[in-house]
>>> print(open('coords_0.cif').read())   # mmCIF, C-alpha atoms and all ligand atoms
data_input
#
loop_
_atom_site.label_atom_id
_atom_site.label_comp_id
_atom_site.auth_asym_id
_atom_site.auth_seq_id
_atom_site.Cartn_x
_atom_site.Cartn_y
_atom_site.Cartn_z
CA MET N 1 202.11 -29.31 232.54
CA VAL N 2 199.07 -27.28 233.56
CA TYR N 3 196.45 -29.15 235.61
CA ASN N 4 192.93 -27.76 235.33
CA LEU N 5 191.18 -30.58 237.16
CA VAL N 6 187.52 -31.35 237.72
CA PRO N 7 186.85 -31.78 241.47
CA GLU N 8 186.02 -35.42 242.27
CA LYS N 9 182.62 -34.61 243.71
CA VAL N 10 181.40 -33.17 240.39
CA GLN N 11 182.82 -36.01 238.28
CA LYS N 12 180.38 -38.64 237.04
CA PRO N 13 180.26 -41.84 239.06
CA VAL N 14 182.51 -44.63 237.81
CA PRO N 15 180.36 -47.33 236.16
CA PRO N 16 180.88 -50.83 237.60
CA VAL N 17 182.84 -53.32 235.47
CA ASP N 18 179.67 -54.98 234.13
CA ASP N 19 177.77 -51.73 233.39
CA PRO N 20 176.39 -51.86 229.80
CA VAL N 21 177.49 -48.25 229.24
CA ARG N 22 180.97 -49.69 228.78
CA SER N 23 179.85 -51.47 225.62
CA THR N 24 178.75 -48.22 223.96
CA GLN N 25 182.44 -47.19 223.69
CA LYS N 26 181.29 -43.64 224.44
CA ALA N 27 181.99 -43.45 228.14
CA THR N 28 185.24 -41.72 228.98
CA THR N 29 187.03 -40.66 232.14
CA ALA N 30 186.73 -37.09 233.43
CA HIS N 31 189.77 -35.50 231.81
CA MET N 32 191.76 -35.25 228.63
CA LEU N 33 195.28 -34.16 227.86
CA GLN N 34 196.06 -31.70 225.08
CA VAL N 35 199.31 -30.35 223.68
CA PRO N 36 199.25 -27.74 220.89
CA TRP N 37 201.94 -27.34 218.27
CA THR N 38 202.71 -24.65 215.73
CA ALA N 39 205.37 -24.60 213.05
CA GLU N 40 206.58 -21.28 214.48
CA LYS N 41 206.82 -22.12 218.16
CA GLY N 42 206.96 -25.92 218.26
CA TRP N 43 205.23 -27.80 221.07
CA GLY N 44 203.31 -25.70 223.60
CA THR N 45 202.38 -26.29 227.23
CA PRO N 46 200.58 -29.57 227.94
CA LEU N 47 197.22 -29.15 229.65
CA ILE N 48 195.06 -31.63 231.52
CA GLN N 49 191.47 -30.39 231.59
CA ALA N 50 187.87 -31.63 231.62
CA TYR N 51 187.02 -34.09 228.83
CA GLY N 52 184.96 -32.20 226.26
CA LYS N 53 184.57 -30.98 222.71
CA ILE N 54 187.47 -29.68 220.68
CA ALA N 55 186.76 -26.52 218.69
CA LEU N 56 188.12 -26.40 215.13
CA HIS N 57 187.69 -23.99 212.27
CA PRO N 58 185.67 -25.39 209.37
CA THR N 59 188.85 -24.88 207.36
CA ALA N 60 190.91 -27.13 209.65
CA SER N 61 193.34 -29.35 207.78
CA VAL N 62 192.15 -32.61 209.39
CA LEU N 63 188.57 -32.10 208.19
CA HIS N 64 189.59 -31.87 204.56
CA TYR N 65 192.80 -33.78 204.12
CA ALA N 66 192.66 -36.39 206.89
CA THR N 67 195.85 -35.16 208.51
CA GLU N 68 195.34 -37.46 211.45
CA ALA N 69 197.23 -40.26 213.15
CA PHE N 70 196.31 -42.19 216.26
CA GLU N 71 197.31 -44.95 218.65
CA GLY N 72 195.37 -47.21 220.93
CA MET N 73 196.80 -48.72 224.09
CA LYS N 74 195.46 -50.01 227.33
CA VAL N 75 196.45 -49.23 230.89
CA TYR N 76 196.07 -52.19 233.23
CA ARG N 77 195.51 -52.32 237.00
CA GLY N 78 197.65 -55.20 238.21
CA TYR N 79 196.89 -57.68 240.94
CA ASP N 80 199.75 -56.02 242.81
CA GLY N 81 197.79 -52.74 242.78
CA ARG N 82 200.13 -50.99 240.36
CA ILE N 83 199.22 -49.72 236.90
CA ARG N 84 201.07 -50.72 233.77
CA LEU N 85 201.23 -50.02 230.07
CA PHE N 86 202.21 -52.76 227.64
CA ARG N 87 205.30 -52.01 225.53
CA PRO N 88 204.39 -48.29 225.18
CA ASN N 89 207.63 -47.45 223.39
CA LEU N 90 206.41 -49.42 220.39
CA ASN N 91 203.23 -47.32 220.21
CA CYS N 92 205.25 -44.10 220.46
CA ALA N 93 207.51 -45.23 217.64
CA ARG N 94 204.55 -46.18 215.47
CA LEU N 95 202.85 -42.81 216.07
CA GLN N 96 206.06 -41.13 215.00
CA ALA N 97 205.97 -43.11 211.74
CA SER N 98 202.26 -42.42 211.22
CA ASN N 99 202.77 -38.70 211.83
CA ALA N 100 205.54 -38.54 209.29
CA ARG N 101 203.34 -40.25 206.71
CA VAL N 102 200.72 -37.47 206.85
CA ALA N 103 203.12 -34.54 207.38
CA LEU N 104 202.32 -34.06 211.07
CA PRO N 105 205.15 -32.87 213.35
CA PRO N 106 207.72 -35.13 215.01
CA PHE N 107 207.97 -35.28 218.80
CA ASP N 108 210.25 -36.65 221.49
CA PRO N 109 208.89 -40.15 222.17
CA ASP N 110 210.14 -40.24 225.78
CA ALA N 111 208.61 -36.87 226.56
CA LEU N 112 205.32 -37.98 225.02
CA LEU N 113 205.28 -41.14 227.09
CA ASN N 114 205.95 -39.10 230.25
CA LEU N 115 202.97 -36.88 229.45
CA ILE N 116 200.71 -39.88 228.96
CA CYS N 117 201.91 -41.34 232.26
CA ALA N 118 201.18 -38.03 234.03
CA PHE N 119 197.65 -38.08 232.60
CA LEU N 120 197.08 -41.69 233.63
CA ALA N 121 198.46 -41.00 237.11
CA VAL N 122 195.62 -38.47 237.46
CA GLU N 123 192.86 -40.67 236.02
CA CYS N 124 193.61 -44.20 237.17
CA LYS N 125 193.19 -43.70 240.92
CA ARG N 126 189.51 -43.02 240.46
CA TRP N 127 188.65 -44.59 237.09
CA LEU N 128 190.66 -47.79 237.26
CA PRO N 129 190.28 -49.07 240.82
CA ASP N 130 189.83 -52.81 240.27
CA PRO N 131 192.75 -55.23 239.85
CA GLY N 132 192.48 -57.24 236.64
CA THR N 133 190.70 -54.47 234.70
CA ASN N 134 191.85 -51.90 232.16
CA LEU N 135 191.10 -48.62 230.43
CA TYR N 136 191.51 -48.00 226.71
CA VAL N 137 193.81 -45.05 226.09
CA ARG N 138 193.39 -43.28 222.78
CA ARG N 139 195.79 -40.62 221.64
CA ALA N 140 195.64 -38.74 218.41
CA MET N 141 197.41 -36.04 216.50
CA ILE N 142 195.47 -33.82 214.09
CA GLY N 143 196.26 -31.00 211.69
CA SER N 144 194.23 -28.35 213.51
CA GLY N 145 195.16 -25.15 211.69
CA GLU N 146 193.25 -23.36 208.96
CA ALA N 147 194.41 -24.86 205.72
CA LEU N 148 192.17 -24.54 202.74
CA GLY N 149 195.13 -24.90 200.43
CA ILE N 150 196.58 -28.38 200.31
CA THR N 151 199.66 -27.78 202.40
CA VAL N 152 201.72 -29.35 205.16
CA PRO N 153 199.93 -28.53 208.46
CA THR N 154 201.37 -25.51 210.29
CA GLU N 155 199.33 -26.16 213.43
CA ALA N 156 198.62 -29.44 215.15
CA LEU N 157 196.98 -30.72 218.28
CA PHE N 158 197.92 -33.81 220.23
CA PHE N 159 195.31 -35.16 222.62
CA VAL N 160 194.79 -38.16 224.88
CA PHE N 161 191.68 -39.49 226.55
CA ALA N 162 190.72 -42.74 228.23
CA ALA N 163 187.60 -44.74 227.42
CA LEU N 164 185.79 -47.32 229.55
CA PHE N 165 185.53 -50.64 227.74
CA PRO N 166 183.78 -53.87 228.68
CA GLN N 167 186.00 -55.72 231.12
CA PRO N 168 187.31 -59.26 231.19
CA ALA N 169 185.48 -59.58 234.51
CA ALA N 170 182.23 -59.54 232.49
CA ARG N 171 183.67 -62.21 230.16
CA GLY N 172 181.84 -63.55 227.64
CA ARG N 173 193.22 -52.33 202.89
CA ARG N 174 195.44 -49.94 204.44
CA LEU N 175 198.81 -48.39 205.21
CA GLN N 176 201.37 -49.70 207.66
CA CYS N 177 200.58 -46.99 210.12
CA LYS N 178 197.57 -45.80 212.07
CA VAL N 179 196.34 -42.81 210.11
CA GLY N 180 192.67 -41.85 210.14
CA ALA N 181 192.44 -41.92 206.35
CA SER N 182 192.84 -45.72 206.32
CA TYR N 183 189.72 -46.43 208.36
CA GLY N 184 186.86 -44.26 207.09
CA PRO N 185 186.71 -45.94 203.64
CA ALA N 186 186.58 -49.37 205.31
CA LEU N 187 183.49 -48.66 207.41
CA MET N 188 180.94 -49.35 204.70
CA ALA N 189 182.22 -52.90 204.28
CA HIS N 190 182.25 -53.28 208.04
CA GLY N 191 178.57 -52.28 208.14
CA MET N 192 177.75 -54.89 205.48
CA ALA N 193 179.59 -57.57 207.42
CA ARG N 194 177.62 -56.70 210.55
CA GLU N 195 174.36 -57.01 208.59
CA GLN N 196 175.37 -60.55 207.69
CA GLY N 197 175.88 -61.41 211.33
CA CYS N 198 179.67 -61.21 211.30
CA SER N 199 181.54 -59.19 213.88
CA GLN N 200 184.51 -58.28 211.69
CA THR N 201 185.62 -57.96 208.09
CA LEU N 202 188.50 -60.18 207.02
CA TRP N 203 190.33 -58.09 204.46
CA LEU N 204 191.53 -60.03 201.43
CA LEU N 205 193.74 -58.64 198.74
CA ASP N 206 193.47 -59.75 195.13
CA ALA N 207 196.93 -61.04 194.43
CA ALA N 208 198.32 -59.83 191.13
CA GLN N 209 198.25 -63.14 189.32
CA GLY N 210 195.06 -65.13 189.11
CA GLN N 211 192.30 -64.76 191.64
CA ASP N 212 194.17 -65.75 194.77
CA GLN N 213 192.93 -63.89 197.78
CA LEU N 214 195.72 -62.86 200.10
CA VAL N 215 194.66 -62.76 203.75
CA THR N 216 195.65 -59.48 205.41
CA GLU N 217 193.81 -58.40 208.57
CA ALA N 218 190.46 -58.61 210.34
CA GLY N 219 189.10 -55.10 210.90
CA ALA N 220 191.65 -53.28 213.01
CA SER N 221 193.23 -56.49 214.26
CA ASN N 222 195.86 -58.93 213.05
CA PHE N 223 194.94 -62.44 211.97
CA PHE N 224 196.48 -65.76 213.06
CA VAL N 225 195.78 -69.35 212.13
CA VAL N 226 197.00 -72.59 213.70
CA TRP N 227 197.00 -75.50 211.29
CA ARG N 228 198.86 -78.59 210.20
CA ASP N 229 201.01 -77.85 207.19
CA ARG N 230 199.74 -79.67 204.10
CA ALA N 231 203.07 -81.17 203.08
CA SER N 232 204.85 -81.79 206.37
CA ARG N 233 201.81 -82.26 208.67
CA ALA N 234 203.77 -80.18 211.18
CA LEU N 235 201.79 -77.90 213.48
CA GLN N 236 202.24 -74.21 212.58
CA LEU N 237 201.16 -70.82 213.87
CA VAL N 238 200.87 -68.67 210.75
CA THR N 239 200.27 -64.94 210.36
CA PRO N 240 200.59 -62.75 207.26
CA SER N 241 204.09 -61.29 206.97
CA LEU N 242 204.68 -57.55 207.05
CA ASP N 243 206.88 -57.39 203.96
CA LEU N 244 204.06 -56.81 201.48
CA GLY N 245 203.10 -53.64 203.34
CA VAL N 246 199.42 -54.49 203.71
CA VAL N 247 199.41 -55.56 207.35
CA LEU N 248 199.70 -53.22 210.30
CA PRO N 249 202.62 -54.15 212.58
CA GLY N 250 200.49 -54.66 215.69
CA VAL N 251 202.12 -54.55 219.10
CA THR N 252 199.90 -57.46 220.14
CA ARG N 253 200.84 -59.34 216.95
CA GLN N 254 204.53 -58.86 217.71
CA SER N 255 204.02 -59.98 221.31
CA VAL N 256 202.10 -63.10 220.26
CA LEU N 257 204.93 -63.98 217.86
CA ASN N 258 207.60 -63.35 220.52
CA SER N 259 205.75 -65.41 223.13
CA ALA N 260 205.00 -68.26 220.75
CA ARG N 261 208.62 -68.39 219.56
CA ASP N 262 209.86 -68.41 223.15
CA ARG N 263 207.42 -70.89 224.59
CA LEU N 264 205.85 -73.04 221.88
CA GLN N 265 208.47 -73.47 219.24
CA GLY N 266 210.60 -76.61 219.02
CA SER N 267 212.59 -77.64 222.07
CA SER N 268 211.78 -74.38 223.91
CA SER N 269 208.28 -75.74 224.43
CA SER N 270 209.47 -78.29 226.98
CA SER N 271 207.89 -76.26 229.80
CA SER N 272 204.45 -76.38 228.23
CA ARG N 273 201.87 -79.11 228.00
CA LEU N 274 201.11 -78.14 224.44
CA GLU N 275 202.34 -79.84 221.32
CA PRO N 276 205.20 -77.69 219.98
CA LEU N 277 204.58 -75.75 216.81
CA SER N 278 206.61 -73.62 214.47
CA VAL N 279 205.93 -69.91 214.08
CA VAL N 280 205.70 -68.76 210.48
CA GLU N 281 205.25 -65.28 209.03
CA ARG N 282 204.38 -65.61 205.38
CA PRO N 283 201.77 -64.53 202.85
CA SER N 284 198.76 -66.80 203.21
CA PHE N 285 195.75 -67.21 200.98
CA MET N 286 192.09 -67.69 201.72
CA ASP N 287 192.03 -70.87 199.62
CA GLU N 288 194.64 -72.40 201.91
CA ILE N 289 192.38 -71.85 204.90
CA VAL N 290 189.38 -73.32 203.09
CA LEU N 291 191.45 -76.34 202.07
CA ALA N 292 192.89 -76.83 205.56
CA GLN N 293 189.39 -76.82 206.98
CA SER N 294 188.07 -79.31 204.45
CA GLU N 295 191.02 -81.61 205.11
CA GLY N 296 190.62 -81.37 208.88
CA ARG N 297 193.99 -79.63 209.35
CA LEU N 298 192.62 -76.41 210.82
CA VAL N 299 193.15 -76.09 214.57
CA GLU N 300 192.33 -72.49 215.58
CA CYS N 301 191.98 -68.97 214.19
CA PHE N 302 192.22 -65.83 216.27
CA VAL N 303 192.65 -62.09 215.91
CA THR N 304 194.84 -59.76 217.96
CA GLY N 305 194.90 -56.06 218.81
CA THR N 306 194.96 -53.77 221.79
CA ALA N 307 191.18 -53.31 221.74
CA VAL N 308 190.16 -56.95 221.10
CA PHE N 309 193.28 -58.40 222.77
CA ILE N 310 193.26 -62.07 221.63
CA THR N 311 189.85 -63.09 220.36
CA PRO N 312 189.02 -66.47 218.80
CA VAL N 313 187.28 -66.74 215.44
CA ALA N 314 184.35 -69.19 215.24
CA GLU N 315 183.52 -68.96 211.56
CA ILE N 316 184.56 -67.15 208.38
CA LYS N 317 181.96 -66.44 205.70
CA TYR N 318 183.70 -66.57 202.35
CA ARG N 319 181.82 -66.33 199.06
CA HIS N 320 179.09 -68.94 199.52
CA ASP N 321 181.01 -70.98 202.06
CA ARG N 322 181.10 -70.95 205.82
CA VAL N 323 184.50 -71.99 207.06
CA SER N 324 183.89 -73.26 210.58
CA MET N 325 186.60 -73.70 213.15
CA PRO N 326 186.74 -76.84 215.31
CA MET N 327 184.15 -76.41 218.07
CA THR N 328 183.55 -77.76 221.55
CA VAL N 329 180.25 -77.94 223.38
CA ASN N 330 180.11 -77.05 227.07
CA ALA N 331 177.91 -78.56 229.79
CA GLU N 332 175.05 -76.14 229.03
CA GLY N 333 175.14 -77.10 225.36
CA HIS N 334 176.78 -73.85 224.13
CA GLU N 335 179.15 -74.22 221.21
CA SER N 336 182.42 -72.32 221.23
CA PRO N 337 185.62 -72.53 219.23
CA VAL N 338 188.46 -74.71 220.53
CA LEU N 339 190.97 -72.44 222.26
CA VAL N 340 194.16 -74.17 223.09
CA TYR N 341 196.96 -72.07 221.72
CA SER N 342 195.17 -68.72 221.75
CA SER N 343 194.16 -69.11 225.39
CA ALA N 344 197.66 -70.17 226.42
CA ILE N 345 199.24 -67.15 224.71
CA LYS N 346 196.55 -64.87 226.09
CA GLY N 347 197.26 -66.14 229.59
CA TRP N 348 200.98 -65.45 229.29
CA ILE N 349 200.45 -61.88 228.10
CA GLU N 350 197.74 -61.27 230.72
CA ASP N 351 200.19 -62.33 233.42
CA ILE N 352 202.48 -59.53 232.23
CA VAL N 353 199.93 -56.73 231.87
CA TYR N 354 198.29 -57.45 235.23
CA GLY N 355 201.60 -57.86 237.02
CA ARG N 356 201.35 -61.54 237.93
CA VAL N 357 204.88 -61.81 236.61
CA GLU N 358 207.56 -59.13 236.40
CA HIS N 359 208.48 -58.64 232.76
CA GLU N 360 210.22 -55.94 230.75
CA TRP N 361 207.08 -55.50 228.60
CA GLY N 362 205.10 -54.28 231.60
CA TYR N 363 205.80 -50.55 232.04
CA VAL N 364 204.89 -49.53 235.59
CA ILE N 365 203.50 -46.02 236.16
CA ASP N 366 203.73 -44.33 239.56
CA GLU N 367 200.46 -42.81 240.66
C1 LIG N 401 195.70 -51.11 215.65
C2 LIG N 401 195.60 -52.08 214.57
C3 LIG N 401 195.99 -53.43 214.74
C4 LIG N 401 196.46 -53.98 216.08
O1 LIG N 401 197.62 -53.35 216.55
P1 LIG N 401 197.96 -53.37 218.13
O2 LIG N 401 199.22 -52.59 218.21
O3 LIG N 401 198.11 -54.80 218.51
O4 LIG N 401 196.80 -52.72 218.83
C5 LIG N 401 195.92 -54.28 213.65
N1 LIG N 401 195.47 -53.85 212.46
C6 LIG N 401 195.07 -52.57 212.26
C7 LIG N 401 194.61 -52.15 210.91
C8 LIG N 401 195.11 -51.64 213.31
O5 LIG N 401 194.71 -50.38 213.10
#
>>> encode(input="coords_0.cif", output="structure tokens", more="lines below")
Ligand SMILES: *Cc1c(COP(=O)(O)O)cnc(C)c1O
Amino acid sequence: MVYNLVPEKVQKPVPPVDDPVRSTQKATTAHMLQVPWTAEKGWGTPLIQAYGKIALHPTASVLHYATEAFEGMKVYRGYDGRIRLFRPNLNCARLQASNARVALPPFDPDALLNLICAFLAVECKRWLPDPGTNLYVRRAMIGSGEALGITVPTEALFFVFAALFPQPAARGRRLQCKVGASYGPALMAHGMAREQGCSQTLWLLDAAQGQDQLVTEAGASNFFVVWRDRASRALQLVTPSLDLGVVLPGVTRQSVLNSARDRLQGSSSSSSRLEPLSVVERPSFMDEIVLAQSEGRLVECFVTGTAVFITPVAEIKYRHDRVSMPMTVNAEGHESPVLVYSSAIKGWIEDIVYGRVEHEWGYVIDE
């Protein structure tokens, strides 16, 4: 690793946790990590240098053929003062799969994780000082070589940077991998949803027979619903299954399922005050959600992902309907969705990422 560091006194000041610049999603820390690759020589020397523009030839493969794959994670400053990643091996494995899908080179996942940790050890001292806060860590791989012909990339660039996101302190159709090509075509619909006052697009898939609308994901996050099953009246936590290949296997999704199975399902829920539920991964249809709402069986909906973490859904606009979730009104008269299960699960995972409990999912980095 070569360190070409920016002296602290010339780095920008660190914006406080409630600074609005964090909502622009444009503020980054001072450095980035880059590792070049060529088909001839393999992976080159990793370099940590000032955050800045990346120069590419106009003929670069990524600009024409979307040879790009990425991962998002967060690094958390725990209440014990240490920094942690959340299940980073899963992100490394998924990047490997995404790379393969767009003919980008393979890498050693452990070596990659060590590089990311070295980068974060440099940045977190200054940029992540406050316990209970986090930085968003984006890493990407691109086909960087000149490739006007449609060929497998012979040069690639791996890079990592960290972005400052709003913090909890200030509370308030695609492939099964994270490749750039899946997201650009979805942005127009996202813009239309925003114009209608929605914060996300819930992606529905026309099922082959009839006009059933299969629920897949909400933007770049996975979708969960808690409802009472129509036939059995049993309480269920339902999320679309992965087997149809239209849902991204989110690390947060997996962790919500693991936690719910451990702590909410059947007899294992004895430790919790919550009514037990069963955890179900299956295809689910928009009409089922509409029906559950009209029959008063809907309990909660929420979305999960590294960026949004676990965020409740208040309402879904569908055709001419508004499907509203059960709401509560606080002392000041503000309405908000009922959060019983989502807030419990969120609390358990937060305890892990901020080091309130020791858990194998929390990966401690030495600074
Ligand atoms: C990243 C992403 C998710 C969430 O995955 P996490 O690993 O939990 O961050 C869900 N859906 C899509 C389409 C995504 O790109």
>>> residues_near_point(input="coords_0.cif", point="(197.5, -52.6, 213.1)", cutoff="6 Å", atoms="only C-alpha atoms", output="compact mmCIF listing (two decimals) with C-alpha atoms, in the frame of the given file")
# COMPACT_ATOMS: atom_id res chain seq x y z
CA ALA N 220 191.65 -53.28 213.01
CA SER N 221 193.23 -56.49 214.26
CA LEU N 248 199.70 -53.22 210.30
CA PRO N 249 202.62 -54.15 212.58
CA GLY N 250 200.49 -54.66 215.69
>>> residues_near_ligand(input="coords_0.cif", ligand="ligand LIG 401 (chain N)", cutoff="10 Å", atoms="all atoms listed in the file", output="PyMOL selection string")
chain N and resi 70-74+86-88+90-91+94+173-180+182-183+203+216-223+246-256+303-310
>>> residues_around(input="coords_0.cif", residues="N:Gly362", least_positions_apart="3", cutoff="9 Å", atoms="only C-alpha atoms", output="mmCIF file with C-alpha atoms, in the frame of the given file")
data_model
loop_
_atom_site.group_PDB
_atom_site.id
_atom_site.type_symbol
_atom_site.label_atom_id
_atom_site.label_comp_id
_atom_site.auth_asym_id
_atom_site.auth_seq_id
_atom_site.Cartn_x
_atom_site.Cartn_y
_atom_site.Cartn_z
ATOM 1 C CA ARG N 84 201.070 -50.720 233.770
ATOM 2 C CA LEU N 85 201.230 -50.020 230.070
ATOM 3 C CA PHE N 86 202.210 -52.760 227.640
ATOM 4 C CA ARG N 87 205.300 -52.010 225.530
ATOM 5 C CA PRO N 88 204.390 -48.290 225.180
ATOM 6 C CA ILE N 352 202.480 -59.530 232.230
ATOM 7 C CA VAL N 353 199.930 -56.730 231.870
ATOM 8 C CA TYR N 354 198.290 -57.450 235.230
ATOM 9 C CA GLY N 355 201.600 -57.860 237.020
ATOM 10 C CA GLU N 358 207.560 -59.130 236.400
ATOM 11 C CA HIS N 359 208.480 -58.640 232.760
#
>>> closest_residue(input="coords_0.cif", among="N:Pro16, N:Gly81, N:Pro166, N:Pro240", to="N:Met286", atoms="all atoms listed in the file")
N:Pro240
>>> residues_around(input="coords_0.cif", residues="stretch 147-155 of chain N", least_positions_apart="4", cutoff="9 Å", atoms="only C-alpha atoms", output="list in words")
Pro36, Trp37, Thr38, Ala39, Glu40, Thr59, Ala60, Ser61, Val62, His64, Tyr65, Thr67, Val102, Ala103, Leu104, Pro105, Ile142 and Gly143 of chain N
>>> residues_around(input="coords_0.cif", residues="N:Asp229", least_positions_apart="6", cutoff="12 Å", atoms="all atoms listed in the file", output="PyMOL selection string")
chain N and resi 235-238+277-280+284+288-289+291-293+295-299
>>> residues_around(input="coords_0.cif", residues="N:Val323", least_positions_apart="5", cutoff="8 Å", atoms="all atoms listed in the file", output="list of chain:residue names")
N:Val290, N:Gln293, N:Glu315, N:Ile316, N:Lys317, N:Tyr318
>>> atom_distance(input="coords_0.cif", atom1="atom CA of N:Asp366", atom2="atom CA of N:Ser259")
26.8 Å
>>> atom_distance(input="coords_0.cif", atom1="atom CA of N:Ala111", atom2="atom CA of N:Thr45")
12.3 Å
>>> residues_around(input="coords_0.cif", residues="N:Arg126", least_positions_apart="5", cutoff="10 Å", atoms="only C-alpha atoms", output="MDAnalysis selection string")
chainID N and resid 8 11 13:14 29:30 121
>>> write_last_selection(input="coords_0.cif", atoms="C-alpha atoms", output="PDB file, in the coordinates of the input")
ATOM      1  CA  GLU N   8     186.020 -35.420 242.270  1.00  0.00           C
ATOM      2  CA  GLN N  11     182.820 -36.010 238.280  1.00  0.00           C
ATOM      3  CA  PRO N  13     180.260 -41.840 239.060  1.00  0.00           C
ATOM      4  CA  VAL N  14     182.510 -44.630 237.810  1.00  0.00           C
ATOM      5  CA  THR N  29     187.030 -40.660 232.140  1.00  0.00           C
ATOM      6  CA  ALA N  30     186.730 -37.090 233.430  1.00  0.00           C
ATOM      7  CA  ALA N 121     198.460 -41.000 237.110  1.00  0.00           C
TER       8      ALA N 121
END
